[in-house]
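Enquirer: Pasting structure.cif here (mmCIF, C-alpha atoms (C1' of nucleotides)):
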```cif
data_upload
loop_
_atom_site.label_atom_id
_atom_site.label_comp_id
_atom_site.auth_asym_id
_atom_site.auth_seq_id
_atom_site.Cartn_x
_atom_site.Cartn_y
_atom_site.Cartn_z
CA MET A 30 -52.69 -146.96 100.05
CA MET A 31 -50.25 -146.40 97.22
CA GLN A 32 -48.07 -149.49 97.30
CA PRO A 33 -45.16 -150.53 95.10
CA ILE A 34 -46.09 -152.61 92.08
CA ARG A 35 -44.93 -156.13 92.84
CA VAL A 36 -44.85 -159.33 90.84
CA GLY A 37 -46.65 -162.42 92.04
CA ALA A 38 -45.05 -165.27 93.95
CA ASP A 39 -45.19 -167.56 90.92
CA PHE A 40 -43.34 -165.10 88.66
CA GLY A 41 -40.24 -167.25 88.62
CA ARG A 42 -42.16 -170.34 87.51
CA GLU A 43 -44.07 -168.44 84.85
CA PHE A 44 -41.16 -166.58 83.37
CA PRO A 45 -38.05 -168.68 83.76
CA GLY A 46 -34.96 -166.60 83.17
CA ALA A 47 -36.67 -163.32 84.00
CA ASP A 48 -35.58 -161.38 87.06
CA PRO A 49 -38.54 -160.49 89.34
CA ALA A 50 -36.73 -157.52 90.87
CA ALA A 51 -35.97 -156.16 87.40
CA ALA A 52 -39.62 -156.55 86.42
CA GLU A 53 -40.65 -154.62 89.50
CA VAL A 54 -38.17 -151.86 88.81
CA ALA A 55 -39.39 -151.53 85.24
CA ALA A 56 -43.06 -151.46 86.21
CA ASN A 57 -42.61 -148.92 88.97
CA LEU A 58 -40.33 -146.72 86.88
CA VAL A 59 -42.67 -146.64 83.91
CA ARG A 60 -45.71 -145.91 86.06
CA ALA A 61 -43.95 -143.12 87.93
CA ALA A 62 -42.75 -141.47 84.74
CA SER A 63 -46.17 -141.76 83.17
CA ALA A 64 -47.89 -140.26 86.21
CA PHE A 65 -45.36 -137.43 86.21
CA LEU A 66 -46.05 -136.64 82.56
CA ASP A 67 -49.79 -136.76 83.20
CA GLU A 68 -49.44 -134.20 85.98
CA VAL A 69 -47.26 -131.97 83.81
CA GLU A 70 -49.83 -132.12 81.05
CA ARG A 71 -52.66 -131.38 83.44
CA ARG A 72 -50.88 -128.27 84.74
CA ARG A 73 -49.63 -127.17 81.35
CA ARG A 74 -52.90 -127.49 79.47
CA PRO A 75 -54.33 -124.15 80.65
CA VAL A 76 -51.30 -122.27 79.32
CA ALA A 77 -52.12 -122.67 75.64
CA GLY A 78 -54.01 -125.92 75.16
CA LEU A 79 -51.20 -127.41 73.10
CA SER A 80 -50.12 -131.02 72.78
CA ALA A 81 -46.95 -132.28 74.46
CA GLY A 82 -45.17 -132.31 71.10
CA ALA A 83 -46.11 -128.71 70.41
CA TYR A 84 -44.85 -127.57 73.80
CA GLU A 85 -41.64 -129.47 73.18
CA ALA A 86 -41.18 -127.80 69.83
CA LEU A 87 -41.54 -124.38 71.45
CA ALA A 88 -39.05 -125.39 74.14
CA VAL A 89 -36.57 -126.54 71.50
CA LEU A 90 -36.86 -123.24 69.67
CA GLU A 91 -36.48 -121.24 72.84
CA GLY A 92 -33.58 -123.38 74.00
CA ALA A 93 -31.76 -122.78 70.73
CA GLY A 94 -32.11 -119.06 71.23
CA GLU A 95 -32.43 -118.50 67.49
CA PRO A 96 -34.70 -119.48 64.61
CA LEU A 97 -34.22 -123.08 63.48
CA PRO A 98 -34.80 -124.85 60.16
CA GLY A 99 -37.52 -127.47 60.21
CA HIS A 100 -35.33 -130.52 59.88
CA VAL A 101 -33.37 -129.54 62.98
CA ILE A 102 -36.58 -129.43 64.96
CA ALA A 103 -37.48 -132.84 63.53
CA GLU A 104 -34.14 -134.26 64.69
CA ARG A 105 -34.49 -132.90 68.22
CA LEU A 106 -38.04 -134.18 68.50
CA LEU A 107 -37.17 -137.54 66.91
CA VAL A 108 -39.94 -137.30 64.34
CA THR A 109 -40.02 -136.97 60.55
CA THR A 110 -39.98 -133.64 58.76
CA ALA A 111 -43.50 -134.39 57.54
CA SER A 112 -44.68 -134.57 61.13
CA VAL A 113 -42.93 -131.31 61.89
CA THR A 114 -44.69 -129.66 58.98
CA SER A 115 -48.09 -130.42 60.46
CA LEU A 116 -46.92 -129.53 63.97
CA LEU A 117 -45.73 -126.16 62.65
CA ASP A 118 -49.00 -125.66 60.82
CA THR A 119 -50.71 -125.75 64.18
CA LEU A 120 -48.18 -123.48 65.87
CA VAL A 121 -48.31 -120.95 63.01
CA ARG A 122 -52.09 -120.99 63.04
CA ARG A 123 -52.08 -120.34 66.76
CA GLY A 124 -49.57 -117.51 66.32
CA PHE A 125 -46.74 -119.01 68.37
CA VAL A 126 -44.15 -119.28 65.59
CA THR A 127 -43.58 -117.86 62.11
CA ARG A 128 -41.96 -119.40 59.06
CA GLU A 129 -39.45 -117.25 57.22
CA PRO A 130 -37.12 -117.98 54.31
CA HIS A 131 -33.57 -119.05 55.09
CA PRO A 132 -31.23 -116.25 54.01
CA THR A 133 -28.71 -118.40 52.13
CA ASP A 134 -30.23 -121.85 51.53
CA ARG A 135 -33.50 -121.48 49.73
CA ARG A 136 -34.54 -125.06 50.39
CA LYS A 137 -34.83 -124.27 54.07
CA ILE A 138 -37.23 -122.30 56.16
CA LEU A 139 -36.50 -120.76 59.51
CA VAL A 140 -38.98 -121.16 62.32
CA ARG A 141 -39.03 -118.22 64.68
CA LEU A 142 -40.73 -117.94 68.05
CA THR A 143 -43.19 -115.03 68.21
CA ALA A 144 -43.66 -112.87 71.29
CA GLU A 145 -46.75 -114.91 72.05
CA GLY A 146 -44.74 -118.11 71.64
CA GLN A 147 -42.12 -116.75 73.98
CA ARG A 148 -44.83 -115.95 76.50
CA VAL A 149 -46.08 -119.53 76.31
CA VAL A 150 -42.58 -120.89 76.91
CA ASP A 151 -42.06 -118.49 79.79
CA GLU A 152 -45.19 -119.78 81.44
CA MET A 153 -44.76 -123.40 80.52
CA LEU A 154 -41.18 -124.20 81.54
CA PRO A 155 -41.58 -123.08 85.16
CA ILE A 156 -44.63 -125.31 85.37
CA VAL A 157 -42.57 -128.31 84.34
CA HIS A 158 -39.80 -127.51 86.81
CA ARG A 159 -42.24 -126.72 89.55
CA THR A 160 -43.87 -130.10 89.06
CA ALA A 161 -40.47 -131.78 89.30
CA THR A 162 -39.81 -129.90 92.51
CA ASP A 163 -43.19 -130.84 93.93
CA VAL A 164 -42.58 -134.51 93.18
CA PHE A 165 -38.85 -134.98 93.75
CA GLY A 166 -37.88 -131.97 95.86
CA ALA A 167 -37.96 -133.95 99.09
CA LEU A 168 -35.23 -136.35 98.01
CA THR A 169 -31.84 -136.00 99.65
CA ALA A 170 -28.96 -135.06 97.37
CA ALA A 171 -27.65 -138.62 97.60
CA GLU A 172 -31.01 -140.14 96.75
CA ALA A 173 -31.45 -137.83 93.78
CA GLU A 174 -27.97 -138.57 92.51
CA ALA A 175 -28.48 -142.32 92.88
CA LEU A 176 -31.72 -142.08 90.91
CA VAL A 177 -30.04 -140.10 88.15
CA GLU A 178 -27.25 -142.67 88.03
CA ARG A 179 -29.61 -145.65 87.78
CA CYS A 180 -31.60 -143.97 85.03
CA THR A 181 -28.47 -143.11 83.10
CA GLU A 182 -27.21 -146.68 83.33
CA ALA A 183 -30.56 -147.86 82.05
CA ARG A 184 -30.46 -145.43 79.14
CA ARG A 185 -26.91 -146.52 78.37
CA ARG A 186 -27.98 -150.16 78.35
CA LEU A 187 -31.03 -149.36 76.24
CA ALA A 188 -28.94 -147.52 73.68
CA GLU A 189 -26.83 -150.67 73.31
CA LEU A 190 -29.89 -152.91 73.04
CA ALA A 191 -31.53 -150.65 70.45
CA ALA A 192 -28.51 -151.16 68.21
CA LEU A 193 -29.02 -154.93 68.27
CA PRO A 194 -31.58 -156.85 66.21
CA PRO A 195 -34.66 -157.66 68.30
CA PRO A 196 -34.03 -160.95 70.13
CA THR A 197 -35.89 -163.94 68.75
CA PRO A 198 -38.73 -165.82 70.51
CA ARG A 199 -38.12 -166.47 74.16
CA PRO A 200 -38.52 -169.68 76.19
CA ARG A 201 -42.22 -170.36 76.55
CA ARG A 202 -44.00 -169.20 79.61
CA VAL A 203 -45.49 -171.72 82.01
CA ARG A 204 -48.54 -170.40 83.71
CA ARG A 205 -50.67 -167.38 84.30
CA ARG A 206 -50.75 -164.19 86.41
CA THR A 207 -48.15 -161.59 87.37
CA LEU A 208 -48.39 -157.86 87.83
CA ALA A 209 -51.45 -157.57 85.65
CA ASP A 210 -53.96 -155.75 87.81
CA ALA A 211 -51.71 -153.66 89.96
CA ASP A 212 -53.63 -150.38 89.72
CA MET B 6 -20.94 -141.20 75.68
CA MET B 7 -24.33 -141.53 77.35
CA GLN B 8 -24.24 -138.95 80.10
CA PRO B 9 -26.85 -137.97 82.66
CA ILE B 10 -29.18 -135.17 81.62
CA ARG B 11 -28.11 -132.15 83.63
CA VAL B 12 -29.52 -128.66 84.01
CA GLY B 13 -27.43 -125.62 83.16
CA ALA B 14 -25.49 -123.58 85.66
CA ASP B 15 -27.96 -120.72 85.46
CA PHE B 16 -30.98 -122.91 86.25
CA GLY B 17 -31.38 -121.36 89.67
CA ARG B 18 -31.46 -117.81 88.24
CA GLU B 19 -33.90 -118.76 85.52
CA PHE B 20 -36.30 -120.73 87.63
CA PRO B 21 -36.28 -119.34 91.13
CA GLY B 22 -37.93 -121.72 93.53
CA ALA B 23 -37.30 -124.76 91.35
CA ASP B 24 -34.94 -127.48 92.56
CA PRO B 25 -32.22 -128.30 90.00
CA ALA B 26 -31.68 -131.79 91.41
CA ALA B 27 -35.42 -132.50 91.16
CA ALA B 28 -35.45 -131.29 87.55
CA GLU B 29 -32.57 -133.62 86.75
CA VAL B 30 -34.28 -136.56 88.41
CA ALA B 31 -37.47 -135.91 86.46
CA ALA B 32 -35.70 -135.54 83.13
CA ASN B 33 -33.59 -138.67 83.57
CA LEU B 34 -36.49 -140.73 84.87
CA VAL B 35 -38.81 -139.77 82.02
CA ARG B 36 -36.17 -140.42 79.39
CA ALA B 37 -35.24 -143.79 80.84
CA ALA B 38 -38.87 -144.91 81.01
CA SER B 39 -39.51 -143.71 77.48
CA ALA B 40 -36.46 -145.52 76.12
CA PHE B 41 -37.54 -148.67 77.94
CA LEU B 42 -41.00 -148.54 76.40
CA ASP B 43 -39.50 -147.93 72.98
CA GLU B 44 -37.37 -151.04 73.32
CA VAL B 45 -40.33 -153.10 74.51
CA GLU B 46 -42.34 -151.92 71.54
CA ARG B 47 -39.53 -152.70 69.14
CA ARG B 48 -39.25 -156.26 70.45
CA ARG B 49 -42.97 -156.80 70.76
CA ARG B 50 -43.96 -155.52 67.32
CA PRO B 51 -43.07 -158.77 65.48
CA VAL B 52 -45.38 -160.81 67.72
CA ALA B 53 -48.64 -159.50 66.30
CA GLY B 54 -48.10 -155.95 65.04
CA LEU B 55 -50.47 -154.55 67.67
CA SER B 56 -50.38 -151.18 69.39
CA ALA B 57 -49.30 -150.86 73.00
CA GLY B 58 -52.91 -150.39 74.07
CA ALA B 59 -53.99 -153.54 72.28
CA TYR B 60 -51.24 -155.59 73.93
CA GLU B 61 -52.23 -154.14 77.27
CA ALA B 62 -55.85 -155.09 76.71
CA LEU B 63 -54.82 -158.67 75.97
CA ALA B 64 -52.65 -158.70 79.08
CA VAL B 65 -55.54 -157.43 81.19
CA LEU B 66 -57.80 -160.17 79.85
CA GLU B 67 -55.22 -162.83 80.41
CA GLY B 68 -54.40 -161.52 83.87
CA ALA B 69 -58.05 -161.67 84.86
CA GLY B 70 -58.17 -165.32 83.83
CA GLU B 71 -61.76 -164.97 82.69
CA PRO B 72 -63.81 -163.00 80.15
CA LEU B 73 -64.36 -159.38 81.15
CA PRO B 74 -67.10 -156.87 80.32
CA GLY B 75 -65.95 -153.90 78.26
CA HIS B 76 -66.24 -151.27 80.96
CA VAL B 77 -63.88 -153.20 83.22
CA ILE B 78 -61.26 -153.20 80.50
CA ALA B 79 -61.82 -149.47 80.09
CA GLU B 80 -61.24 -148.93 83.81
CA ARG B 81 -58.02 -150.93 83.85
CA LEU B 82 -56.71 -149.16 80.78
CA LEU B 83 -57.82 -145.74 82.00
CA VAL B 84 -59.69 -144.95 78.80
CA THR B 85 -63.35 -144.42 77.93
CA THR B 86 -65.67 -147.23 76.94
CA ALA B 87 -65.89 -145.64 73.49
CA SER B 88 -62.16 -146.07 73.09
CA VAL B 89 -62.41 -149.67 74.22
CA THR B 90 -65.08 -150.32 71.63
CA SER B 91 -62.73 -149.37 68.81
CA LEU B 92 -59.82 -151.19 70.42
CA LEU B 93 -61.96 -154.34 70.62
CA ASP B 94 -63.06 -153.89 67.01
CA THR B 95 -59.42 -154.27 66.04
CA LEU B 96 -58.80 -157.24 68.33
CA VAL B 97 -61.94 -159.02 67.13
CA ARG B 98 -61.06 -158.38 63.50
CA ARG B 99 -57.59 -159.82 64.12
CA GLY B 100 -59.10 -162.84 65.85
CA PHE B 101 -57.52 -162.32 69.26
CA VAL B 102 -60.73 -161.87 71.25
CA THR B 103 -64.43 -162.56 70.83
CA ARG B 104 -67.46 -160.68 72.12
CA GLU B 105 -70.18 -162.76 73.71
CA PRO B 106 -73.37 -161.80 75.53
CA HIS B 107 -73.24 -161.54 79.31
CA PRO B 108 -75.33 -164.39 80.74
CA THR B 109 -77.31 -162.32 83.25
CA ASP B 110 -76.89 -158.62 82.42
CA ARG B 111 -77.95 -158.02 78.87
CA ARG B 112 -76.42 -154.54 78.75
CA LYS B 113 -73.00 -156.08 79.00
CA ILE B 114 -70.80 -158.04 76.68
CA LEU B 115 -68.05 -160.37 77.71
CA VAL B 116 -64.71 -160.20 75.97
CA ARG B 117 -62.96 -163.54 75.76
CA LEU B 118 -59.40 -164.26 74.74
CA THR B 119 -59.18 -166.69 71.81
CA ALA B 120 -56.51 -169.36 71.50
CA GLU B 121 -54.70 -167.05 69.12
CA GLY B 122 -54.99 -164.22 71.63
CA GLN B 123 -53.60 -166.48 74.32
CA ARG B 124 -50.71 -167.34 72.05
CA VAL B 125 -49.96 -163.65 71.55
CA VAL B 126 -49.95 -163.04 75.30
CA ASP B 127 -47.74 -166.07 75.87
CA GLU B 128 -45.22 -164.68 73.45
CA MET B 129 -45.54 -161.08 74.45
CA LEU B 130 -45.26 -161.12 78.24
CA PRO B 131 -41.91 -162.91 78.33
CA ILE B 132 -40.60 -160.29 75.92
CA VAL B 133 -41.55 -157.53 78.33
CA HIS B 134 -39.96 -159.29 81.29
CA ARG B 135 -36.91 -160.22 79.32
CA THR B 136 -36.42 -156.60 78.39
CA ALA B 137 -36.69 -155.61 82.04
CA THR B 138 -34.10 -158.21 82.91
CA ASP B 139 -31.78 -157.04 80.15
CA VAL B 140 -32.02 -153.45 81.37
CA PHE B 141 -32.27 -153.75 85.14
CA GLY B 142 -30.99 -157.24 85.87
CA ALA B 143 -27.54 -156.01 86.82
CA LEU B 144 -28.81 -153.93 89.74
CA THR B 145 -28.09 -155.19 93.23
CA ALA B 146 -31.10 -156.11 95.34
CA ALA B 147 -30.57 -152.96 97.40
CA GLU B 148 -30.34 -150.74 94.32
CA ALA B 149 -33.48 -152.26 92.85
CA GLU B 150 -35.38 -151.86 96.09
CA ALA B 151 -34.27 -148.23 96.46
CA LEU B 152 -35.45 -147.51 92.93
CA VAL B 153 -38.81 -149.12 93.58
CA GLU B 154 -39.14 -147.09 96.76
CA ARG B 155 -38.31 -143.76 95.11
CA CYS B 156 -40.78 -144.47 92.30
CA THR B 157 -43.50 -145.42 94.74
CA GLU B 158 -42.96 -142.24 96.73
CA ALA B 159 -43.21 -140.26 93.52
CA ARG B 160 -46.43 -142.02 92.54
CA ARG B 161 -47.82 -141.41 96.01
CA ARG B 162 -46.97 -137.72 95.76
CA LEU B 163 -48.41 -137.53 92.26
CA ALA B 164 -51.66 -139.10 93.37
CA GLU B 165 -51.97 -136.35 95.98
CA LEU B 166 -51.14 -133.64 93.48
CA ALA B 167 -53.61 -134.97 90.92
CA ALA B 168 -56.38 -134.53 93.47
CA LEU B 169 -55.57 -130.82 93.79
CA PRO B 170 -56.63 -128.11 91.35
CA PRO B 171 -53.77 -127.25 89.00
CA PRO B 172 -51.60 -124.59 90.68
CA THR B 173 -51.97 -121.09 89.26
CA PRO B 174 -49.28 -119.22 87.29
CA ARG B 175 -45.83 -119.46 88.75
CA PRO B 176 -43.21 -116.75 89.46
CA ARG B 177 -41.94 -115.54 86.13
CA ARG B 178 -38.78 -116.95 84.77
CA VAL B 179 -35.73 -114.78 84.32
CA ARG B 180 -33.64 -115.86 81.41
CA ARG B 181 -33.06 -118.52 78.85
CA ARG B 182 -31.54 -122.05 78.54
CA THR B 183 -31.69 -125.17 80.65
CA LEU B 184 -31.86 -128.81 79.74
CA ALA B 185 -33.33 -128.14 76.34
CA ASP B 186 -30.98 -129.90 73.92
CA ALA B 187 -29.78 -132.77 76.04
CA ASP B 188 -30.05 -135.55 73.45
"C1'" DT C 13 -82.37 -142.74 86.72
"C1'" DA C 14 -78.03 -144.97 86.12
"C1'" DT C 15 -75.20 -148.14 83.54
"C1'" DT C 16 -73.30 -150.41 79.36
"C1'" DG C 17 -71.99 -150.27 74.99
"C1'" DT C 18 -72.13 -148.38 70.27
"C1'" DT C 19 -72.10 -144.91 66.74
"C1'" DA C 20 -70.90 -140.54 64.90
"C1'" DT C 21 -67.71 -137.10 64.73
"C1'" DA C 22 -63.55 -134.81 65.33
"C1'" DC C 23 -58.83 -133.91 66.45
"C1'" DT C 24 -53.92 -135.00 67.14
"C1'" DC C 25 -49.97 -137.54 66.22
"C1'" DT C 26 -47.36 -140.13 63.32
"C1'" DA C 27 -45.77 -142.46 59.25
"C1'" DT C 28 -44.76 -143.46 54.18
"C1'" DA C 29 -44.56 -142.03 49.56
"C1'" DA C 30 -44.57 -138.88 45.90
"C1'" DC C 31 -43.34 -134.45 44.60
"C1'" DT C 32 -41.01 -129.69 44.13
"C1'" DA C 33 -37.35 -126.84 44.70
"C1'" DT C 34 -32.81 -126.26 45.65
"C1'" DA C 35 -27.93 -127.47 46.66
"C1'" DT D 18 -27.53 -137.13 43.72
"C1'" DA D 19 -28.73 -135.53 48.13
"C1'" DT D 20 -31.31 -132.43 51.09
"C1'" DA D 21 -35.44 -129.58 52.76
"C1'" DG D 22 -39.93 -129.10 52.96
"C1'" DT D 23 -44.79 -129.91 51.56
"C1'" DT D 24 -48.74 -132.49 50.24
"C1'" DA D 25 -51.54 -136.48 50.12
"C1'" DT D 26 -52.96 -140.31 52.30
"C1'" DA D 27 -53.58 -143.45 55.88
"C1'" DG D 28 -53.98 -145.45 60.40
"C1'" DA D 29 -54.00 -145.38 65.41
"C1'" DG D 30 -55.51 -143.37 69.55
"C1'" DT D 31 -58.34 -140.61 72.06
"C1'" DA D 32 -62.24 -137.77 73.34
"C1'" DT D 33 -67.14 -135.92 73.62
"C1'" DA D 34 -71.89 -136.31 72.68
"C1'" DA D 35 -76.00 -138.56 71.43
"C1'" DC D 36 -78.29 -142.74 71.52
"C1'" DA D 37 -80.39 -147.57 72.46
"C1'" DA D 38 -80.98 -151.19 75.40
"C1'" DT D 39 -81.19 -152.71 79.84
"C1'" DA D 40 -81.00 -152.56 84.94
#
```
With the file now loaded, output its structure as structure tokens.
Expert:
Amino acid sequence: MMQPIRVGADFGREFPGADPAAAEVAANLVRAASAFLDEVERRRRPVAGLSAGAYEALAVLEGAGEPLPGHVIAERLLVTTASVTSLLDTLVRRGFVTREPHPTDRRKILVRLTAEGQRVVDEMLPIVHRTATDVFGALTAAEAEALVERCTEARRRLAELAALPPPTPRPRRVRRRTLADAD
Amino acid sequence: MMQPIRVGADFGREFPGADPAAAEVAANLVRAASAFLDEVERRRRPVAGLSAGAYEALAVLEGAGEPLPGHVIAERLLVTTASVTSLLDTLVRRGFVTREPHPTDRRKILVRLTAEGQRVVDEMLPIVHRTATDVFGALTAAEAEALVERCTEARRRLAELAALPPPTPRPRRVRRRTLADAD
DNA sequence: TATTGTTATACTCTATAACTATA
DNA sequence: TATAGTTATAGAGTATAACAATA
């Protein structure tokens, strides 16, 4: 009952110049990734009731293996330092990290994982990996490697595209209906 | 310079029972999908400055080909009717949809795309498909089909998992470091 | 009673801008 | 001047709960 997301037969007429197979790949990839993240969040919620960003911040800290200044966390999370400030407010309030002064540079703070924070990470990371195993563990080594390769090529291409100015208005579309109501 | 996201050599010791290949597939898939959505948003922003949810709502309306009651939009978007109310407030204010009374069921409203809303959809959808073509258009038919298949299997598996109660605490993890700082 | 939609409220995430302290 | 962090402010998105109107 769970079928691939497919484009309609008139896709080519409606979107001249667009590749139907590419559209299907994109739709199916995005939906799969989104469903995966939903399942991770569902399983992870009971651990500490934190948002995805908060769990990521804890994982970054734990991955570094040492206290980190705020702007480094901001870089890894791809958000502004202002956003990190409020994220850390939550984590400090919940007792999962502490702020301490940087020993040599007094502009900086160091964010340190508490024992409780470490406990959260120790519960949370296996949940993520277990979910991955539940979802993708049945793939053959070749299938897994092919998937990783395709995703890496896509990320490579996307990194190039992101460096370009957004393309200007496309050829106008002809008529209606595509993969709209695929759920 | 853009390499696949890989787990560390000690992954197996740290996360007994977790499949390293599955973890790599999950990480690469999620990152690729996220980068794709970022690029779509970057290209789509100039069209009308709407959020992803607002564009999706317009696409749902246009895909249906007729005015829809609010709760149907909520179902398709997987959000509550309360969320749709505020989403529609924005779209009405911007002039992209109108609310009108349902002819027979006076509890309902019908949301209708305006000419301006139609214009937004006509500009926006080709941008999405063009992005897909830019990113995935170089795949062979076999590669594309394999990708679609793997994603569909994952969604199928995830639909099963979502129906289960979240699994209870996993075997404890042994030591530190995995795919933390892969960016 | 159930359904539809709105309002009220609250919380999180994120951003920009202005500001302080420090380098 | 540049960097690090905070505060203030704002806006989007989402949710739950209570409610009104209608079926």
Enquirer: Expand the PyMOL selection byres ((chain B) within 10 of (chain D)) into the individual residues it matches in the shown file, reporting them as a PDB file with C-alpha atoms, in the frame of the given file.
Expert:
```
ATOM      1  CA  SER B  56     -50.380-151.180  69.390  1.00  0.00           C
ATOM      2  CA  GLY B  58     -52.910-150.390  74.070  1.00  0.00           C
ATOM      3  CA  VAL B  84     -59.690-144.950  78.800  1.00  0.00           C
ATOM      4  CA  THR B  85     -63.350-144.420  77.930  1.00  0.00           C
ATOM      5  CA  ALA B  87     -65.890-145.640  73.490  1.00  0.00           C
ATOM      6  CA  SER B  88     -62.160-146.070  73.090  1.00  0.00           C
ATOM      7  CA  SER B  91     -62.730-149.370  68.810  1.00  0.00           C
ATOM      8  CA  LEU B  92     -59.820-151.190  70.420  1.00  0.00           C
ATOM      9  CA  ASP B 110     -76.890-158.620  82.420  1.00  0.00           C
ATOM     10  CA  ARG B 111     -77.950-158.020  78.870  1.00  0.00           C
ATOM     11  CA  ARG B 112     -76.420-154.540  78.750  1.00  0.00           C
ATOM     12  CA  LYS B 113     -73.000-156.080  79.000  1.00  0.00           C
TER      13      LYS B 113
END
```
Enquirer: I'd like the contact shell of Val133 of chain B - 9 Å cut-off, only C-alpha atoms (C1' of nucleotides), skipping same-chain residues fewer than 2 positions apart - returned as a list in words.
Expert: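 What passes the distance filter is Ala52 of chain A; Val45, Glu46, Arg48, Arg49, Met129, Leu130, Pro131, Arg135, Thr136, Ala137 and Thr138 of chain B.
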Enquirer: Near chain B, which residues of chain C fall within 10 Å when you count all atoms listed in the file, and what do they look like as a PyMOL selection string?
Expert: chain C and resi 15-19
Enquirer: Produce a table with one row for each residue of chain A that has an atom at most 6 Å from any atom of chain B, each row naming the nearest atom pair and its distance in Å at one decimal; use all atoms listed in the file; arrange rows by chain and rising residue number; format as JSON lines.
Expert:
```
{"residue": "A:Met31", "atom": "CA", "partner": "B:Arg161", "partner_atom": "CA", "distance": 5.7}
{"residue": "A:Pro33", "atom": "CA", "partner": "B:Thr157", "partner_atom": "CA", "distance": 5.4}
{"residue": "A:Ala47", "atom": "CA", "partner": "B:Arg135", "partner_atom": "CA", "distance": 5.6}
{"residue": "A:Asp48", "atom": "CA", "partner": "B:Thr138", "partner_atom": "CA", "distance": 5.4}
{"residue": "A:Ala51", "atom": "CA", "partner": "B:Phe141", "partner_atom": "CA", "distance": 5.0}
{"residue": "A:Ala52", "atom": "CA", "partner": "B:Ala137", "partner_atom": "CA", "distance": 5.4}
{"residue": "A:Val54", "atom": "CA", "partner": "B:Val153", "partner_atom": "CA", "distance": 5.5}
{"residue": "A:Ala55", "atom": "CA", "partner": "B:Ala137", "partner_atom": "CA", "distance": 5.8}
{"residue": "A:Asn57", "atom": "CA", "partner": "B:Cys156", "partner_atom": "CA", "distance": 5.9}
{"residue": "A:Leu58", "atom": "CA", "partner": "B:Cys156", "partner_atom": "CA", "distance": 5.9}
{"residue": "A:Val59", "atom": "CA", "partner": "B:Ala38", "partner_atom": "CA", "distance": 5.1}
{"residue": "A:Ala61", "atom": "CA", "partner": "B:Arg160", "partner_atom": "CA", "distance": 5.3}
{"residue": "A:Ala62", "atom": "CA", "partner": "B:Val35", "partner_atom": "CA", "distance": 5.1}
{"residue": "A:Arg72", "atom": "CA", "partner": "B:Pro171", "partner_atom": "CA", "distance": 5.2}
{"residue": "A:Gly92", "atom": "CA", "partner": "B:Arg182", "partner_atom": "CA", "distance": 5.2}
{"residue": "A:His158", "atom": "CA", "partner": "B:Ala28", "partner_atom": "CA", "distance": 5.8}
{"residue": "A:Arg159", "atom": "CA", "partner": "B:Ala23", "partner_atom": "CA", "distance": 5.6}
{"residue": "A:Ala161", "atom": "CA", "partner": "B:Ala28", "partner_atom": "CA", "distance": 5.3}
{"residue": "A:Thr162", "atom": "CA", "partner": "B:Ala27", "partner_atom": "CA", "distance": 5.3}
{"residue": "A:Val164", "atom": "CA", "partner": "B:Ala159", "partner_atom": "CA", "distance": 5.8}
{"residue": "A:Phe165", "atom": "CA", "partner": "B:Ala27", "partner_atom": "CA", "distance": 5.0}
{"residue": "A:Gly166", "atom": "CA", "partner": "B:Ala27", "partner_atom": "CA", "distance": 5.3}
{"residue": "A:Val177", "atom": "CA", "partner": "B:Val30", "partner_atom": "CA", "distance": 5.5}
{"residue": "A:Cys180", "atom": "CA", "partner": "B:Ala37", "partner_atom": "CA", "distance": 5.6}
{"residue": "A:Thr181", "atom": "CA", "partner": "B:Pro9", "partner_atom": "CA", "distance": 5.4}
{"residue": "A:Ala183", "atom": "CA", "partner": "B:Val140", "partner_atom": "CA", "distance": 5.8}
{"residue": "A:Arg184", "atom": "CA", "partner": "B:Ala37", "partner_atom": "CA", "distance": 5.3}
{"residue": "A:Arg185", "atom": "CA", "partner": "B:Met7", "partner_atom": "CA", "distance": 5.7}
{"residue": "A:Pro195", "atom": "CA", "partner": "B:Arg48", "partner_atom": "CA", "distance": 5.3}
{"residue": "A:Arg206", "atom": "CA", "partner": "B:Gly68", "partner_atom": "CA", "distance": 5.2}
{"residue": "A:Ala209", "atom": "CA", "partner": "B:Gly68", "partner_atom": "CA", "distance": 5.2}
```
Enquirer: Please, what distance in Å, to one decimal, runs between atom CA of Leu73 of chain B and atom CA of Thr119 of chain B?
Expert: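 Going from atom CA of Leu73 of chain B over to atom CA of Thr119 of chain B, I get 12.9 Å.
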Enquirer: Some atoms are missing, so please complete segment 114-119 of chain B with N, CA and C atoms and return it as a CSV table (one decimal), keeping the file's coordinate frame.
Expert:
```csv
chain,number,residue,atom,x,y,z
B,114,ILE,N,-71.4,-157.0,77.5
B,114,ILE,CA,-70.8,-158.0,76.7
B,114,ILE,C,-69.6,-158.6,77.5
B,115,LEU,N,-69.2,-159.8,77.1
B,115,LEU,CA,-68.0,-160.4,77.7
B,115,LEU,C,-67.0,-160.5,76.6
B,116,VAL,N,-65.8,-160.1,76.9
B,116,VAL,CA,-64.7,-160.2,76.0
B,116,VAL,C,-63.9,-161.4,76.4
B,117,ARG,N,-63.7,-162.3,75.5
B,117,ARG,CA,-63.0,-163.5,75.8
B,117,ARG,C,-61.7,-163.7,74.9
B,118,LEU,N,-60.6,-164.0,75.5
B,118,LEU,CA,-59.4,-164.3,74.7
B,118,LEU,C,-59.6,-165.5,73.9
B,119,THR,N,-59.2,-165.5,72.6
B,119,THR,CA,-59.2,-166.7,71.8
B,119,THR,C,-57.9,-167.4,72.0
```
